[in-house]
Each structure stands twice: as C-alpha cells, then as structure tokens.
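J.: Got structure18.txt for you, compact mmCIF, C-alpha atoms (C1' of nucleotides):
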# COMPACT_ATOMS: atom_id res chain seq x y z
CA MET T 29 -51.92 -64.31 140.85
CA ASP T 30 -55.28 -65.06 139.34
CA ARG T 31 -54.50 -68.23 137.47
CA VAL T 32 -55.95 -71.55 138.54
CA LEU T 33 -52.60 -72.72 139.77
CA ASP T 34 -52.10 -69.83 142.08
CA ARG T 35 -55.42 -70.57 143.65
CA GLU T 36 -54.01 -73.85 144.82
CA LEU T 37 -50.96 -72.22 146.30
CA LYS T 38 -53.19 -70.52 148.81
CA LYS T 39 -54.38 -73.78 150.26
CA GLY T 40 -52.65 -74.35 153.53
CA SER T 41 -51.26 -70.86 153.85
CA ALA T 42 -54.65 -69.23 154.41
CA GLU T 43 -54.70 -70.09 158.08
CA LEU T 44 -51.25 -68.70 158.66
CA LEU T 45 -52.21 -65.47 156.94
CA ILE T 46 -55.34 -65.03 159.02
CA LEU T 47 -53.68 -65.89 162.31
CA ALA T 48 -50.87 -63.46 161.54
CA CYS T 49 -53.44 -60.79 160.69
CA LEU T 50 -55.07 -61.17 164.07
CA GLU T 51 -51.82 -61.17 165.99
CA GLY T 52 -51.78 -57.46 166.67
CA ARG T 53 -55.41 -57.08 167.60
CA ALA T 54 -58.87 -58.47 167.02
CA ARG T 55 -60.43 -57.83 163.64
CA HIS T 56 -63.61 -58.74 161.82
CA GLY T 57 -63.77 -60.93 158.74
CA TYR T 58 -64.23 -58.31 156.10
CA ASP T 59 -61.32 -56.38 157.51
CA VAL T 60 -59.05 -59.41 157.47
CA ALA T 61 -59.86 -60.04 153.81
CA ARG T 62 -59.10 -56.45 152.93
CA ARG T 63 -55.88 -56.32 154.88
CA ILE T 64 -54.50 -59.46 153.32
CA ALA T 65 -55.24 -58.09 149.87
CA ASP T 66 -53.72 -54.72 150.74
CA GLU T 67 -50.63 -55.95 152.53
CA SER T 68 -49.82 -58.34 149.73
CA GLY T 69 -50.16 -55.57 147.21
CA GLY T 70 -53.10 -57.41 145.71
CA ALA T 71 -51.05 -60.53 145.13
CA ILE T 72 -53.11 -62.59 147.53
CA ARG T 73 -56.83 -62.01 147.58
CA PHE T 74 -59.38 -64.18 149.34
CA ASN T 75 -63.00 -64.34 148.40
CA VAL T 76 -64.84 -62.86 151.38
CA ALA T 77 -67.12 -65.89 151.41
CA SER T 78 -64.05 -68.10 151.72
CA LEU T 79 -62.78 -65.92 154.51
CA TYR T 80 -65.83 -66.47 156.67
CA GLY T 81 -65.58 -70.19 156.18
CA LEU T 82 -61.97 -70.06 157.22
CA LEU T 83 -62.78 -68.05 160.31
CA TYR T 84 -65.44 -70.53 161.40
CA ARG T 85 -62.95 -73.31 160.96
CA LEU T 86 -60.30 -71.57 163.01
CA GLU T 87 -62.81 -70.82 165.72
CA ALA T 88 -64.03 -74.43 165.77
CA ARG T 89 -60.45 -75.47 166.34
CA GLY T 90 -60.11 -73.08 169.22
CA TRP T 91 -57.47 -70.88 167.64
CA ILE T 92 -59.54 -67.73 167.49
CA ARG T 93 -62.59 -66.52 169.40
CA GLY T 94 -65.36 -64.43 167.88
CA ARG T 95 -67.32 -61.74 169.67
CA TRP T 96 -70.27 -59.74 168.40
CA ILE T 97 -69.74 -56.02 168.52
CA GLU T 98 -73.01 -54.15 168.50
CA ALA T 99 -72.75 -50.44 169.06
CA PRO T 100 -75.63 -48.04 168.42
CA ASN T 101 -75.51 -46.50 164.97
CA GLU T 102 -73.03 -49.09 163.83
CA ARG T 103 -73.24 -52.09 161.65
CA ARG T 104 -73.08 -55.32 163.60
CA ARG T 105 -69.72 -56.97 163.35
CA ARG T 106 -68.09 -60.08 164.67
CA THR T 107 -64.47 -59.58 165.62
CA TYR T 108 -62.06 -62.42 166.08
CA ALA T 109 -59.15 -62.54 168.48
CA LEU T 110 -56.33 -65.04 168.83
CA THR T 111 -56.64 -67.50 171.68
CA PRO T 112 -53.53 -68.76 173.51
CA ALA T 113 -53.82 -71.93 171.45
CA GLY T 114 -54.04 -69.78 168.35
CA ARG T 115 -50.88 -67.96 169.29
CA ALA T 116 -49.07 -71.25 169.68
CA MET T 117 -50.45 -72.44 166.35
CA LEU T 118 -49.33 -69.22 164.68
CA ALA T 119 -45.79 -69.77 165.91
CA GLU T 120 -45.89 -73.36 164.71
CA GLN T 121 -47.26 -72.46 161.29
CA ARG T 122 -44.71 -69.69 160.90
CA GLU T 123 -41.95 -72.17 161.50
CA GLY T 124 -43.53 -74.68 159.13
CA TRP T 125 -43.90 -72.06 156.44
CA LYS T 126 -40.31 -70.96 156.80
CA LEU T 127 -39.04 -74.50 156.29
CA PHE T 128 -41.45 -75.21 153.50
CA ALA T 129 -40.82 -72.01 151.59
CA ALA T 130 -37.07 -72.46 151.86
CA ALA T 131 -37.30 -76.03 150.58
CA VAL T 132 -39.55 -75.16 147.64
CA SER T 133 -37.43 -72.18 146.69
CA ARG T 134 -34.32 -74.31 146.82
CA ILE T 135 -35.70 -77.08 144.63
CA ALA T 136 -37.40 -74.66 142.27
CA GLY T 137 -34.13 -72.81 141.91
CA VAL T 138 -35.59 -69.52 143.04
CA GLU T 139 -33.06 -67.21 144.61
CA HIS T 140 -33.38 -66.11 148.25
CA GLY T 141 -37.06 -67.02 148.68
CA MET Q 24 -43.47 -81.17 158.12
CA ASP Q 25 -45.72 -84.10 158.81
CA ARG Q 26 -48.71 -82.32 160.33
CA VAL Q 27 -52.02 -82.11 158.59
CA LEU Q 28 -51.53 -78.45 157.86
CA ASP Q 29 -48.26 -78.93 156.10
CA ARG Q 30 -49.95 -81.37 153.83
CA GLU Q 31 -52.07 -78.55 152.53
CA LEU Q 32 -49.09 -76.32 151.95
CA LYS Q 33 -47.93 -78.68 149.27
CA LYS Q 34 -51.02 -78.18 147.19
CA GLY Q 35 -50.22 -76.01 144.25
CA SER Q 36 -46.47 -76.22 144.66
CA ALA Q 37 -46.25 -79.87 143.66
CA GLU Q 38 -46.29 -79.10 139.98
CA LEU Q 39 -43.57 -76.52 140.28
CA LEU Q 40 -41.40 -78.97 142.22
CA ILE Q 41 -41.83 -81.70 139.64
CA LEU Q 42 -41.26 -79.46 136.65
CA ALA Q 43 -38.14 -78.05 138.28
CA CYS Q 44 -36.93 -81.58 138.97
CA LEU Q 45 -37.22 -82.47 135.31
CA GLU Q 46 -35.54 -79.32 134.08
CA GLY Q 47 -32.04 -80.76 133.95
CA ARG Q 48 -32.94 -84.08 132.39
CA ALA Q 49 -35.68 -86.68 132.07
CA ARG Q 50 -36.41 -88.76 135.16
CA HIS Q 51 -38.81 -91.48 136.15
CA GLY Q 52 -41.49 -91.05 138.81
CA TYR Q 53 -39.87 -92.88 141.64
CA ASP Q 54 -36.70 -90.92 141.11
CA VAL Q 55 -38.54 -87.60 141.17
CA ALA Q 56 -40.18 -88.50 144.47
CA ARG Q 57 -36.85 -89.45 145.98
CA ARG Q 58 -35.06 -86.38 144.71
CA ILE Q 59 -37.65 -83.99 146.09
CA ALA Q 60 -37.42 -85.66 149.47
CA ASP Q 61 -33.63 -85.63 149.39
CA GLU Q 62 -33.15 -82.12 148.09
CA SER Q 63 -35.53 -80.73 150.66
CA GLY Q 64 -33.70 -82.53 153.42
CA GLY Q 65 -36.82 -84.57 154.03
CA ALA Q 66 -38.93 -81.47 154.57
CA ILE Q 67 -41.09 -82.18 151.55
CA ARG Q 68 -42.05 -85.72 150.84
CA PHE Q 69 -44.62 -86.88 148.34
CA ASN Q 70 -46.39 -90.15 148.51
CA VAL Q 71 -45.21 -92.10 145.47
CA ALA Q 72 -48.82 -92.82 144.57
CA SER Q 73 -49.54 -89.09 144.57
CA LEU Q 74 -46.49 -88.54 142.43
CA TYR Q 75 -47.71 -90.81 139.66
CA GLY Q 76 -51.06 -89.08 139.68
CA LEU Q 77 -49.32 -85.75 139.38
CA LEU Q 78 -47.17 -86.96 136.51
CA TYR Q 79 -50.21 -88.19 134.58
CA ARG Q 80 -51.83 -84.83 135.10
CA LEU Q 81 -48.80 -82.93 133.88
CA GLU Q 82 -48.54 -85.19 130.87
CA ALA Q 83 -52.24 -84.75 130.06
CA ARG Q 84 -51.67 -81.02 130.08
CA GLY Q 85 -48.79 -81.38 127.70
CA TRP Q 86 -46.13 -80.10 130.04
CA ILE Q 87 -44.14 -83.32 130.22
CA ARG Q 88 -43.83 -86.34 127.95
CA GLY Q 89 -43.37 -89.90 129.16
CA ARG Q 90 -41.35 -92.59 127.42
CA TRP Q 91 -40.98 -96.22 128.35
CA ILE Q 92 -37.42 -97.31 128.84
CA GLU Q 93 -37.01 -101.05 128.51
CA ALA Q 94 -33.46 -102.26 128.54
CA PRO Q 95 -32.56 -105.93 128.94
CA ASN Q 96 -31.83 -106.90 132.53
CA GLU Q 97 -33.43 -103.73 133.76
CA ARG Q 98 -36.67 -102.91 135.42
CA ARG Q 99 -39.10 -101.21 133.07
CA ARG Q 100 -39.33 -97.51 133.73
CA ARG Q 101 -41.19 -94.58 132.33
CA THR Q 102 -39.15 -91.43 132.17
CA TYR Q 103 -40.65 -88.00 131.81
CA ALA Q 104 -39.12 -85.03 130.05
CA LEU Q 105 -40.19 -81.40 129.91
CA THR Q 106 -41.92 -80.29 126.73
CA PRO Q 107 -41.45 -76.75 125.42
CA ALA Q 108 -44.84 -75.91 126.94
CA GLY Q 109 -43.64 -77.40 130.20
CA ARG Q 110 -40.57 -75.20 130.15
CA ALA Q 111 -42.74 -72.14 129.68
CA MET Q 112 -45.02 -73.27 132.48
CA LEU Q 113 -42.05 -73.84 134.76
CA ALA Q 114 -40.91 -70.28 134.20
CA GLU Q 115 -44.41 -69.01 134.87
CA GLN Q 116 -44.84 -71.02 138.03
CA ARG Q 117 -41.44 -69.96 139.28
CA GLU Q 118 -42.46 -66.36 138.93
CA GLY Q 119 -45.80 -67.03 140.60
CA TRP Q 120 -44.16 -68.80 143.48
CA LYS Q 121 -41.68 -65.98 144.00
CA LEU Q 122 -44.47 -63.41 144.28
CA PHE Q 123 -46.62 -65.63 146.42
CA ALA Q 124 -43.87 -66.67 148.82
CA ALA Q 125 -42.75 -63.08 149.25
CA ALA Q 126 -46.30 -61.95 150.00
CA VAL Q 127 -46.99 -64.69 152.52
CA SER Q 128 -43.67 -64.19 154.24
CA ARG Q 129 -44.32 -60.49 154.48
CA ILE Q 130 -47.80 -60.84 155.97
CA ALA Q 131 -46.77 -63.68 158.23
CA GLY Q 132 -43.87 -61.61 159.47
CA VAL Q 133 -41.28 -64.15 158.48
CA GLU Q 134 -37.91 -62.65 157.68
CA HIS Q 135 -36.37 -62.96 154.23
CA GLY Q 136 -38.65 -65.83 153.15
C1' DT U 21 -84.16 -42.64 145.36
C1' DG U 22 -80.76 -45.51 143.81
C1' DC U 23 -76.35 -47.34 144.08
C1' DC U 24 -72.11 -48.99 145.98
C1' DA U 25 -69.13 -50.50 149.72
C1' DT U 26 -69.50 -52.73 153.90
C1' DA U 27 -70.65 -56.95 156.53
C1' DT U 28 -72.09 -61.63 157.34
C1' DG U 29 -73.98 -66.10 156.01
C1' DT U 30 -75.10 -70.74 153.36
C1' DG U 31 -74.95 -74.56 149.99
C1' DG U 32 -72.78 -76.85 146.48
C1' DC U 33 -68.45 -77.44 143.69
C1' DA U 34 -63.80 -78.57 141.44
C1' DA U 35 -59.25 -79.60 142.31
C1' DT U 36 -55.72 -81.31 145.10
C1' DG U 37 -52.67 -84.68 147.31
C1' DG U 38 -53.33 -88.68 150.57
C1' DT U 39 -54.31 -93.51 151.59
C1' DA U 40 -55.09 -98.25 150.74
C1' DT U 41 -54.13 -101.67 147.82
C1' DA U 42 -52.16 -104.36 144.00
C1' DT U 43 -48.46 -106.18 141.02
C1' DA U 44 -43.61 -107.15 139.76
C1' DT U 45 -38.64 -106.98 139.91
C1' DT U 46 -33.92 -106.32 141.87
C1' DG U 47 -30.60 -106.88 145.44
C1' DC U 48 -29.00 -108.14 149.79
C1' DA U 49 -28.62 -110.67 154.09
C1' DT U 50 -29.35 -114.77 156.68
C1' DA M 5 -32.78 -120.69 149.04
C1' DT M 6 -35.35 -117.92 151.22
C1' DG M 7 -37.20 -114.01 152.90
C1' DC M 8 -37.39 -109.18 153.18
C1' DA M 9 -36.66 -104.42 151.83
C1' DA M 10 -36.20 -101.16 148.18
C1' DT M 11 -37.41 -100.15 143.62
C1' DA M 12 -41.13 -99.12 140.20
C1' DT M 13 -45.68 -98.44 138.47
C1' DA M 14 -50.77 -98.32 138.76
C1' DT M 15 -55.76 -97.55 140.30
C1' DA M 16 -59.85 -96.41 143.12
C1' DC M 17 -61.72 -93.94 146.70
C1' DC M 18 -61.38 -90.08 150.15
C1' DA M 19 -60.87 -85.72 153.15
C1' DT M 20 -59.83 -81.13 152.86
C1' DT M 21 -59.45 -76.93 150.77
C1' DG M 22 -60.83 -72.39 148.96
C1' DC M 23 -64.12 -70.80 145.16
C1' DC M 24 -68.53 -69.53 143.45
C1' DA M 25 -73.35 -68.25 143.33
C1' DC M 26 -76.52 -66.47 145.98
C1' DA M 27 -78.92 -64.28 149.93
C1' DT M 28 -79.56 -60.69 153.51
C1' DA M 29 -78.88 -56.28 155.63
C1' DT M 30 -76.87 -51.64 156.71
C1' DG M 31 -74.26 -47.24 156.06
C1' DG M 32 -72.87 -43.44 153.14
C1' DC M 33 -73.21 -40.66 149.28
C1' DA M 34 -74.99 -38.56 144.98
Could you show the structure in this file as structure tokens?
T.:
Amino acid sequence: MDRVLDRELKKGSAELLILACLEGRARHGYDVARRIADESGGAIRFNVASLYGLLYRLEARGWIRGRWIEAPNERRRRTYALTPAGRAMLAEQREGWKLFAAAVSRIAGVEHG
Amino acid sequence: MDRVLDRELKKGSAELLILACLEGRARHGYDVARRIADESGGAIRFNVASLYGLLYRLEARGWIRGRWIEAPNERRRRTYALTPAGRAMLAEQREGWKLFAAAVSRIAGVEHG
DNA sequence: TGCCATATGTGGCAATGGTATATATTGCAT
DNA sequence: ATGCAATATATACCATTGCCACATATGGCA
C-alpha cells in the first residue's frame, strides 16, 4: 500500500474514513491518524500533515467542529466532533462508497469486494 | 454518484478499471468508456475526454499498446491491448484494490464491502 | 541531558480526472 | 435533403486532492 498508485486510491475516501473515525466520539488529529493506520492493519496510513489539512477542510464545510482541550499538565489538543451535518454526510458517503466499491470490484473482477 | 466527492473516489481506480476492461480483448477508447458506464449500471462514468488522457498515460507507461484500425467504410479507431507489463500491473492493482477496499469498508463500518 | 513520540501548523508540490472546445463521420428521423 | 444525435478522437487549461519538507512545542524516559 505504499506505491504511487495506492496513494491515489486514498483520494476521496479520506473524508469518509475520518468522519467514520469520529462517529463514536470526538478525537484529536493525531489520534485519528493513528487509529486509521491501526484499524486498517497499516494498509491505509495518512501523513499527519495531510490529516490536519483534511480536518480543517471538514471543519470549514461544517461537518466537524473543533474544540481546544487545555488541561493543566497536559499537552494542548484540539478535538473534533461530528456535527449533525457531518453525520448526514457520513451516511451519504457510506452509501456512495458502498455503491462505488461494489461497481469497481465487479468490473475489476474481484470477488466479494 | 454524481456529487463532487464521488468524483474523487474515482482517482486511482481509473487505471484498474481500464486495464480490467482490456483484459478480455483489445478495445477502443469510446468503447471502454461506454462499457465501464454500462457494467457499473451507470454508477461509474468517465468523461470521454478523461478516458483518452488515461489511455495515453497507460500507453506511455507501457501497460497498453494502441493500434490504428482503418477499414474501408469504417470510422477510424484506435484500439488498445494489454501488454505483458499491463497484465502484471492489472494483477498488482487488483490485489491493491482488494486490500484497500476491505480496509476502508472495515473502518467505515460498511458490511461485506 | 538527549532523544523519541506526541501534537499541531504552514507552504509548496505532483498527480489526477474534469471541463470546454474542436474536428469528423455514421446513422436515423423528419 | 437536411438536421440532429451518437460515435470517435484530440488538446489545453483547471480545481482538488493528499504528500512532502519544514517548523514549533511538550511529555516521558533513559
């Protein structure tokens, strides 16, 4: 998953992955990056720098909302939570992904996928 | 499948779709575009102009080879066939797609996918 | 003390597929 | 016959995407 081509596969699915990551509860950027890498077994790994850019984009679109968490003796963090619009978008993107993945798998002749 | 976001999903999978389309036999650009749209039930649709660009790219990389077909009383066409390198790349991209699709579906919480 | 993982941020970049536009031919309907 | 849609290829420019290099700062551990 580290070839040039695979990099392109990520385009468009990054938002879905992040939104899905935030579905359960709010998380900060670094955590999202780590979770995506972990949950995918290392198959999908975003550059942290890319991650922040993505988060800003999602926030600008009103799908997530950031909040600074500053506790004493703790590193400052900005956690992001899904907004209602973000939840709707997540559902929409899930549906889109399902259709898309099924179509690609079918044409590519990949079983189940 | 006509939202802005879905457009981005296509990036990276276009090559796999085209290579898979040419696996059975050589086809010309317009035909490839039509087949992808048809086989996906209209879910995935490439702009013909994009398709030609993609074909040139694949040819430049040595994965497909174009050949002008000029028969009397027929429109001139350029058909593309997989090269051995293209066949190898198709196999590689299939594998990459399988891993990627499984990972995304898992994180996104989409069943089977 | 030094180093690494954590945590966020910015600026510039390469690659992708889209869009607009152009040209030409075939076939079909009016 | 005429006009229009579908077929078929081609090119130039464009918006968007995630990557990369780099910068800053803190917490934990040896």
J.: Over all C-alpha pairs taken in order, what is the RMSD once chain Q has been least-squares superposed onto chain T?
T.: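 Here the RMSD amounts to 0.1 Å.
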J.: Neighbouring residues of DT43 (chain U) were defined as those with any atom within 12 Å, considering only C-alpha atoms (C1' of nucleotides); residues of the same chain fewer than 3 positions away were excluded. Please report them as an mmCIF file with C-alpha atoms (C1' of nucleotides), in the frame of the given file.
T.:
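To be explicit, this is the file written out as selection11.cif:
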data_model
loop_
_atom_site.group_PDB
_atom_site.id
_atom_site.type_symbol
_atom_site.label_atom_id
_atom_site.label_comp_id
_atom_site.auth_asym_id
_atom_site.auth_seq_id
_atom_site.Cartn_x
_atom_site.Cartn_y
_atom_site.Cartn_z
ATOM 1 C "C1'" DA M 12 -41.130 -99.120 140.200
ATOM 2 C "C1'" DT M 13 -45.680 -98.440 138.470
ATOM 3 C "C1'" DA M 14 -50.770 -98.320 138.760
ATOM 4 C "C1'" DT M 15 -55.760 -97.550 140.300
#
J.: Kindly compute an axis-aligned box around the listed atoms of region 110-127 of chain T, allowing 8 Å on each side, and express its centre and edge lengths in Å to one decimal as JSON.
T.:
{"center_x": -47.8, "center_y": -69.9, "center_z": 164.9, "size_x": 33.6, "size_y": 25.6, "size_z": 33.2}
J.: Find the spatial neighbours of region 58-71 of chain Q, counting all atoms listed in the file, within a cut-off of 7 Å - ignore same-chain residues fewer than 4 positions away - and output them as an MDAnalysis selection string.
T.: (chainID T and resid 128 131 135) or (chainID Q and resid 24 53:54 75)
J.: Enumerate as a ChimeraX atom specification the residues belonging to chain T that approach chain Q to within 9 Å, with only C-alpha atoms taken into account.
T.: /T:29,33-41,43-49,64,67-69,71-72,118,121-141
J.: With all atoms listed in the file counted, which protein, DNA or RNA residues have an atom no more than 9 Å from (-72.7, -50.5, 151.1) in the file frame? Please answer as an MDAnalysis selection string.
T.: (chainID U and resid 23:27) or (chainID M and resid 30:32)
J.: I need the chosen residues saved as a tab-separated table (two decimals), in the frame of the given file, with C-alpha atoms (C1' of nucleotides).
T.:
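Result saved to result19.tsv:
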chain	number	residue	atom	x	y	z
U	23	DC	C1'	-76.35	-47.34	144.08
U	24	DC	C1'	-72.11	-48.99	145.98
U	25	DA	C1'	-69.13	-50.50	149.72
U	26	DT	C1'	-69.50	-52.73	153.90
U	27	DA	C1'	-70.65	-56.95	156.53
M	30	DT	C1'	-76.87	-51.64	156.71
M	31	DG	C1'	-74.26	-47.24	156.06
M	32	DG	C1'	-72.87	-43.44	153.14
J.: May I have the residues within 12 Å of DG29 (chain U) as a list in words, using all atoms listed in the file and disregarding those fewer than 6 positions away in the same chain?
T.: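 These residues fall inside the cut-off: Gly57, Val76, Ala77, Ser78, Leu79, Tyr80, Gly81 and Tyr84 of chain T; DC26, DA27, DT28 and DA29 of chain M.
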J.: Create the file for the chosen residues now, containing C-alpha atoms (C1' of nucleotides) and written as an mmCIF file, in the coordinates of the input.
T.:
data_model
loop_
_atom_site.group_PDB
_atom_site.id
_atom_site.type_symbol
_atom_site.label_atom_id
_atom_site.label_comp_id
_atom_site.auth_asym_id
_atom_site.auth_seq_id
_atom_site.Cartn_x
_atom_site.Cartn_y
_atom_site.Cartn_z
ATOM 1 C CA GLY T 57 -63.770 -60.930 158.740
ATOM 2 C CA VAL T 76 -64.840 -62.860 151.380
ATOM 3 C CA ALA T 77 -67.120 -65.890 151.410
ATOM 4 C CA SER T 78 -64.050 -68.100 151.720
ATOM 5 C CA LEU T 79 -62.780 -65.920 154.510
ATOM 6 C CA TYR T 80 -65.830 -66.470 156.670
ATOM 7 C CA GLY T 81 -65.580 -70.190 156.180
ATOM 8 C CA TYR T 84 -65.440 -70.530 161.400
ATOM 9 C "C1'" DC M 26 -76.520 -66.470 145.980
ATOM 10 C "C1'" DA M 27 -78.920 -64.280 149.930
ATOM 11 C "C1'" DT M 28 -79.560 -60.690 153.510
ATOM 12 C "C1'" DA M 29 -78.880 -56.280 155.630
#
J.: Pick out the closest residue to DA19 (chain M) from this set: U:DT41, U:DT50, U:DT30, U:DT36. Count only C-alpha atoms (C1' of nucleotides).
T.: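 For DA19 (chain M), the nearest of the given residues is U:DT36.
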J.: Looking at U:DT28, U:DT39, U:DA34, U:DG22, which one is nearest to chain Q, with distances taken over all atoms listed in the file?
T.: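 Using all atoms listed in the file, the shortest distance to chain Q belongs to U:DT39.
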J.: Using all atoms listed in the file for the distances, tell me which of M:DA34, M:DT11, M:DA5, M:DC24 is nearest to chain Q.
T.: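 Nearest to chain Q: M:DT11.
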J.: Using only C-alpha atoms (C1' of nucleotides), which residue out of Q:Ala104, Q:His51, Q:Ala83, Q:Arg110 lies closest to chain M?
T.: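 The closest residue to chain M is Q:His51.
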J.: Using only C-alpha atoms (C1' of nucleotides), which residues of chain U come within 12 Å of chain Q, and what is the closest atom pair for each, with the distance in Å to one decimal? Give it as a tab-separated table, sorted by chain and residue number.
T.:
residue	atom	partner	partner_atom	distance
U:DA35	C1'	Q:Lys34	CA	9.7
U:DT36	C1'	Q:Lys34	CA	6.0
U:DG37	C1'	Q:Ser73	CA	6.1
U:DG38	C1'	Q:Ser73	CA	7.1
U:DT39	C1'	Q:Ala72	CA	8.9
U:DA40	C1'	Q:Ala72	CA	10.3
U:DT41	C1'	Q:Ala72	CA	10.8
U:DA44	C1'	Q:Arg98	CA	9.2
U:DT45	C1'	Q:Arg98	CA	6.4
U:DT46	C1'	Q:Arg98	CA	7.8
J.: Taking C-alpha atoms (C1' of nucleotides) for each residue, export the selection above as an mmCIF file, keeping the file's coordinate frame.
T.:
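Result saved to selection_27.cif:
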data_model
loop_
_atom_site.group_PDB
_atom_site.id
_atom_site.type_symbol
_atom_site.label_atom_id
_atom_site.label_comp_id
_atom_site.auth_asym_id
_atom_site.auth_seq_id
_atom_site.Cartn_x
_atom_site.Cartn_y
_atom_site.Cartn_z
ATOM 1 C "C1'" DA U 35 -59.250 -79.600 142.310
ATOM 2 C "C1'" DT U 36 -55.720 -81.310 145.100
ATOM 3 C "C1'" DG U 37 -52.670 -84.680 147.310
ATOM 4 C "C1'" DG U 38 -53.330 -88.680 150.570
ATOM 5 C "C1'" DT U 39 -54.310 -93.510 151.590
ATOM 6 C "C1'" DA U 40 -55.090 -98.250 150.740
ATOM 7 C "C1'" DT U 41 -54.130 -101.670 147.820
ATOM 8 C "C1'" DA U 44 -43.610 -107.150 139.760
ATOM 9 C "C1'" DT U 45 -38.640 -106.980 139.910
ATOM 10 C "C1'" DT U 46 -33.920 -106.320 141.870
#
J.: Please compute the CA of Trp96 (chain T)-C1' of DT20 (chain M) distance, one decimal, in Å.
T.: 28.4 Å
J.: Work out how far apart CA of Gly94 (chain T) and C1' of DT21 (chain M) are and give it in Å to one decimal.
T.: 22.0 Å
J.: Select chain M in the preceding structure and write C-alpha atoms (C1' of nucleotides) to a file as a CSV table (one decimal), in the first residue's frame.
T.:
chain,number,residue,atom,x,y,z
M,5,DA,C1',-32.0,16.6,-48.1
M,6,DT,C1',-31.5,18.1,-44.0
M,7,DG,C1',-30.7,18.3,-39.4
M,8,DC,C1',-29.5,16.2,-35.2
M,9,DA,C1',-27.7,12.7,-32.1
M,10,DA,C1',-24.3,9.2,-31.3
M,11,DT,C1',-19.8,7.8,-32.4
M,12,DA,C1',-14.8,8.7,-32.2
M,13,DT,C1',-10.6,11.1,-31.2
M,14,DA,C1',-7.8,15.1,-29.6
M,15,DT,C1',-5.9,19.1,-26.8
M,16,DA,C1',-5.4,22.9,-23.4
M,17,DC,C1',-6.4,24.5,-19.1
M,18,DC,C1',-8.3,23.8,-14.3
M,19,DA,C1',-9.8,22.5,-9.4
M,20,DT,C1',-9.0,19.3,-6.0
M,21,DT,C1',-6.5,16.1,-3.6
M,22,DG,C1',-3.1,14.2,-0.3
M,23,DC,C1',2.1,14.3,0.0
M,24,DC,C1',6.3,16.4,1.5
M,25,DA,C1',9.6,19.4,3.8
M,26,DC,C1',9.8,22.0,7.4
M,27,DA,C1',8.8,24.4,11.8
M,28,DT,C1',7.3,24.6,16.7
M,29,DA,C1',6.4,22.8,21.2
M,30,DT,C1',5.6,19.4,25.1
M,31,DG,C1',5.7,14.9,27.7
M,32,DG,C1',8.1,10.8,29.0
M,33,DC,C1',12.0,8.1,29.6
M,34,DA,C1',16.9,6.6,29.7
